[in-house]
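Enquirer: Dropping in coords13.cif, which is mmCIF, C-alpha atoms:
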```cif
data_start
loop_
_atom_site.label_atom_id
_atom_site.label_comp_id
_atom_site.auth_asym_id
_atom_site.auth_seq_id
_atom_site.Cartn_x
_atom_site.Cartn_y
_atom_site.Cartn_z
CA ALA L 19 -26.32 -10.48 5.16
CA VAL L 20 -28.53 -13.58 5.49
CA CYS L 21 -26.14 -15.26 7.94
CA ASP L 22 -25.43 -12.02 9.83
CA PRO L 23 -28.43 -9.68 9.48
CA ALA L 24 -27.17 -7.41 12.31
CA HIS L 25 -23.79 -7.02 10.54
CA THR L 26 -21.89 -7.86 13.72
CA GLY L 27 -19.18 -9.77 11.88
CA ASN L 28 -19.95 -12.90 13.91
CA VAL L 29 -21.54 -15.63 11.82
CA PRO L 30 -22.43 -18.84 13.67
CA PHE L 31 -20.90 -21.90 12.04
CA SER L 32 -24.32 -23.52 11.60
CA ALA L 33 -25.54 -20.47 9.62
CA PHE L 34 -22.41 -20.50 7.48
CA ALA L 35 -22.69 -24.27 6.89
CA SER L 36 -26.30 -24.02 5.76
CA TRP L 37 -25.43 -21.11 3.46
CA ALA L 38 -22.48 -23.03 1.96
CA ASP L 39 -24.52 -26.24 1.59
CA GLY L 40 -27.23 -24.25 -0.17
CA GLY L 41 -24.86 -23.27 -2.96
CA GLY L 42 -23.20 -20.27 -1.33
CA MET L 43 -20.96 -18.94 -4.08
CA ALA L 44 -19.35 -20.23 -7.22
CA GLU L 45 -15.81 -21.58 -6.85
CA GLU L 46 -14.31 -18.49 -8.52
CA GLN L 47 -16.16 -16.20 -6.08
CA LEU L 48 -14.98 -18.25 -3.11
CA GLN L 49 -11.38 -18.07 -4.30
CA HIS L 50 -11.68 -14.31 -4.80
CA ALA L 51 -13.18 -13.92 -1.33
CA GLU L 52 -10.34 -15.98 0.12
CA VAL L 53 -7.75 -13.75 -1.56
CA LEU L 54 -9.51 -10.64 -0.22
CA GLY L 55 -9.68 -12.18 3.24
CA ASN L 56 -5.98 -13.06 3.16
CA MET L 57 -5.11 -9.53 2.03
CA ALA L 58 -7.25 -8.05 4.80
CA GLN L 59 -5.52 -10.27 7.36
CA ARG L 60 -2.08 -9.27 6.07
CA CYS L 61 -3.11 -5.59 6.25
CA ASN L 62 -4.11 -6.11 9.88
CA ASP L 63 -0.81 -7.91 10.53
CA CYS L 64 1.05 -4.94 9.00
CA LEU L 65 0.36 -2.97 12.13
CA LYS L 66 2.52 -5.43 14.08
CA GLU L 67 5.02 -6.98 11.68
CA GLU L 68 7.34 -5.23 9.24
CA GLY L 69 7.45 -8.29 6.96
CA CYS L 70 3.70 -8.01 6.43
CA LEU L 71 3.97 -4.32 5.64
CA ILE L 72 6.58 -5.04 2.99
CA GLU L 73 4.49 -7.83 1.48
CA VAL L 74 1.25 -5.86 1.32
CA MET L 75 2.79 -2.63 0.04
CA ALA L 76 4.84 -4.46 -2.59
CA VAL L 77 1.94 -6.43 -4.09
CA ALA L 78 -0.90 -3.92 -3.77
CA HIS L 79 -1.99 -1.77 -6.72
CA HIS L 80 -1.05 1.92 -6.56
CA ASP L 81 -4.67 2.92 -5.96
CA THR L 82 -4.87 0.42 -3.11
CA CYS L 83 -1.73 1.89 -1.52
CA GLN L 84 -3.28 5.35 -1.71
CA ALA L 85 -6.48 4.03 -0.12
CA MET L 86 -4.45 2.34 2.63
CA LYS L 87 -2.64 5.62 3.28
CA THR L 88 -5.97 7.48 3.55
CA SER L 89 -7.47 4.78 5.77
CA TYR L 90 -4.40 4.83 8.05
CA GLU L 91 -4.67 8.60 8.42
CA GLU L 92 -8.40 8.36 9.22
CA HIS L 93 -8.00 5.59 11.80
CA PHE L 94 -4.73 6.60 13.47
CA HIS L 95 -4.66 10.37 12.80
CA ALA L 96 -1.08 10.08 11.58
CA ASP L 97 0.75 10.13 8.26
CA LEU L 98 1.72 6.60 7.22
CA ALA L 99 4.96 7.72 5.53
CA GLU L 100 6.06 9.51 8.71
CA SER L 101 5.07 6.48 10.79
CA ILE L 102 7.20 4.24 8.56
CA THR L 103 10.17 6.58 8.96
CA THR L 104 9.70 6.75 12.73
CA LYS L 105 9.20 3.00 13.14
CA ALA L 106 12.12 2.17 10.83
CA SER L 107 14.48 4.24 12.98
CA GLU L 108 13.58 2.41 16.21
CA GLN L 109 15.83 -0.33 17.53
CA ASP L 110 13.20 -3.02 18.21
CA GLY L 111 13.66 -5.11 15.09
CA TRP L 112 12.69 -2.43 12.59
CA ILE L 113 16.26 -1.72 11.60
CA PHE L 114 16.12 -1.00 7.89
CA SER L 115 18.28 0.83 5.41
CA ASN L 116 17.46 4.20 3.94
CA ASN L 117 16.75 2.39 0.68
CA TRP L 118 13.99 0.39 2.39
CA LYS L 119 12.44 3.53 3.88
CA THR L 120 12.65 5.29 0.51
CA ALA L 121 11.01 2.34 -1.26
CA MET L 122 8.16 2.05 1.26
CA LYS L 123 7.54 5.80 1.21
CA ALA L 124 7.64 5.81 -2.62
CA LEU L 125 4.81 3.26 -2.65
CA LEU L 126 2.73 5.81 -0.73
CA GLU L 127 3.43 8.74 -3.05
CA THR L 128 0.94 9.91 -5.63
CA GLU L 129 2.05 9.52 -9.22
CA GLU L 130 2.79 13.24 -9.41
CA GLU L 131 4.90 13.17 -6.24
CA LEU L 132 6.85 10.17 -7.52
CA TRP L 133 7.61 11.79 -10.88
CA VAL L 134 8.58 15.11 -9.25
CA ARG L 135 10.94 13.31 -6.85
CA ALA L 136 12.49 11.34 -9.71
CA LEU L 137 13.01 14.52 -11.74
CA ASN L 138 14.55 16.29 -8.73
CA ASP L 139 16.82 13.31 -8.05
CA ALA L 140 18.05 13.41 -11.65
CA MET L 141 18.97 17.10 -11.26
CA ARG L 142 20.33 17.03 -7.70
CA GLY L 143 23.92 16.55 -6.71
CA LEU L 144 27.21 17.45 -8.35
CA GLY L 145 25.71 17.41 -11.83
CA THR L 146 22.56 16.67 -13.73
CA ASP L 147 22.12 13.04 -14.77
CA GLU L 148 21.15 13.96 -18.32
CA ASP L 149 20.40 10.42 -19.49
CA THR L 150 18.00 9.79 -16.63
CA LEU L 151 16.41 13.23 -16.96
CA THR L 152 15.89 12.72 -20.69
CA ALA L 153 14.39 9.25 -20.13
CA LEU L 154 12.03 10.61 -17.48
CA ILE L 155 10.84 13.52 -19.60
CA CYS L 156 10.37 11.36 -22.69
CA THR L 157 8.42 8.64 -20.86
CA MET L 158 6.28 10.88 -18.62
CA PRO L 159 2.57 10.17 -19.23
CA ASP L 160 0.73 13.03 -20.95
CA ARG L 161 -1.96 13.02 -18.26
CA LEU L 162 0.63 14.02 -15.63
CA ARG L 163 2.51 16.74 -17.54
CA GLN L 164 0.19 19.62 -16.62
CA SER L 165 0.03 18.80 -12.91
CA ILE L 166 3.80 18.32 -12.66
#
```
Here is the file; what I need is its structure written in the form of C-alpha cells.
Expert:
Amino acid sequence: AVCDPAHTGNVPFSAFASWADGGGMAEEQLQHAEVLGNMAQRCNDCLKEEGCLIEVMAVAHHDTCQAMKTSYEEHFHADLAESITTKASEQDGWIFSNNWKTAMKALLETEEELWVRALNDAMRGLGTDEDTLTALICTMPDRLRQSI
C-alpha cells in the first residue's frame, strides 16, 4: 500500500527498491509471497495452456479448487467443468482421454458430489462392486453422511 497507494498494481521500481532496502519483509514472508505469485501466474496461464491447468488443479487444495471454480463462474459466466469438457473435445491440442476429463472434473466436485459419484460408480454396471462399496461406506467421513 505504501508503494502503490492508489492500488493500481503498478509499483515503480524505485519505490519497490526503497521498500526492500528498508527491510521489506522477512525471508519467509518473501518466499511465501513468491509462491503465491507463482501460483497466481500459473492460474492466469491456465486460461491458455492445458499443462498449466493440470498443474494448478493437481496441486491446489480442495478449497482452493472450489474457490477457483466460483471465481471462474463469476468472471466468465460459465461452468468450469463444462468448459473443461468442451475444451478437451476440441482438436487444437486439447486432445485428452476421458480419464483426464473425469480427473479434472473430479477436482472441481464438492466432497459430497465426489462421494455420491463414487458410490454410484460402485453400484453401476453389470453388478455391484461390493468390495469398493463396502470400503466407501466404511471410510465415509461422519460429517458427510447426512448430506449424502
Enquirer: Give the answer as one residue: which of L:Glu92, L:Leu125, L:Leu98, L:Ala38 has the shortest atom-to-atom distance to L:Ala78, using only C-alpha atoms?
Expert: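 The shortest atom-to-atom distance to L:Ala78 comes from L:Leu125.
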Enquirer: Give as a list in words the residues that the PyMOL selection byres ((chain L and resi 151-155) around 12) matches when applied to the coordinates above.
Expert: Leu132, Trp133, Val134, Arg135, Ala136, Leu137, Asn138, Asp139, Ala140, Met141, Arg142, Gly145, Thr146, Asp147, Glu148, Asp149, Thr150, Cys156, Thr157, Met158, Pro159, Asp160, Leu162, Arg163 and Ile166 of chain L
Enquirer: To one decimal in Å, tell me the separation between atom CA of L:Lys119 and atom CA of L:Leu144.
Expert: 23.7 Å
Enquirer: Which residues fall under the PyMOL selection byres ((chain L and resi 87) around 10) in this file, as an MDAnalysis selection string?
Expert: chainID L and resid 81:86 88:92 96:99 125:127
Enquirer: Of the residues L:Leu54, L:Gly41, L:Phe94, L:Ser36, which is the one nearest to L:Val74, using only C-alpha atoms?
Expert: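 Result for the nearest residue to L:Val74: L:Leu54.
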Enquirer: Could you work out how far atom CA of L:His80 lies from atom CA of L:Trp118, giving the answer in Å with one decimal?
Expert: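 Those two atoms sit 17.6 Å apart.
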Enquirer: Just the number, please: distance in Å from atom CA of L:Glu52 to atom CA of L:Ser32, one decimal.
Expert: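 Value for the atom CA of L:Glu52-atom CA of L:Ser32 distance: 19.6 Å.
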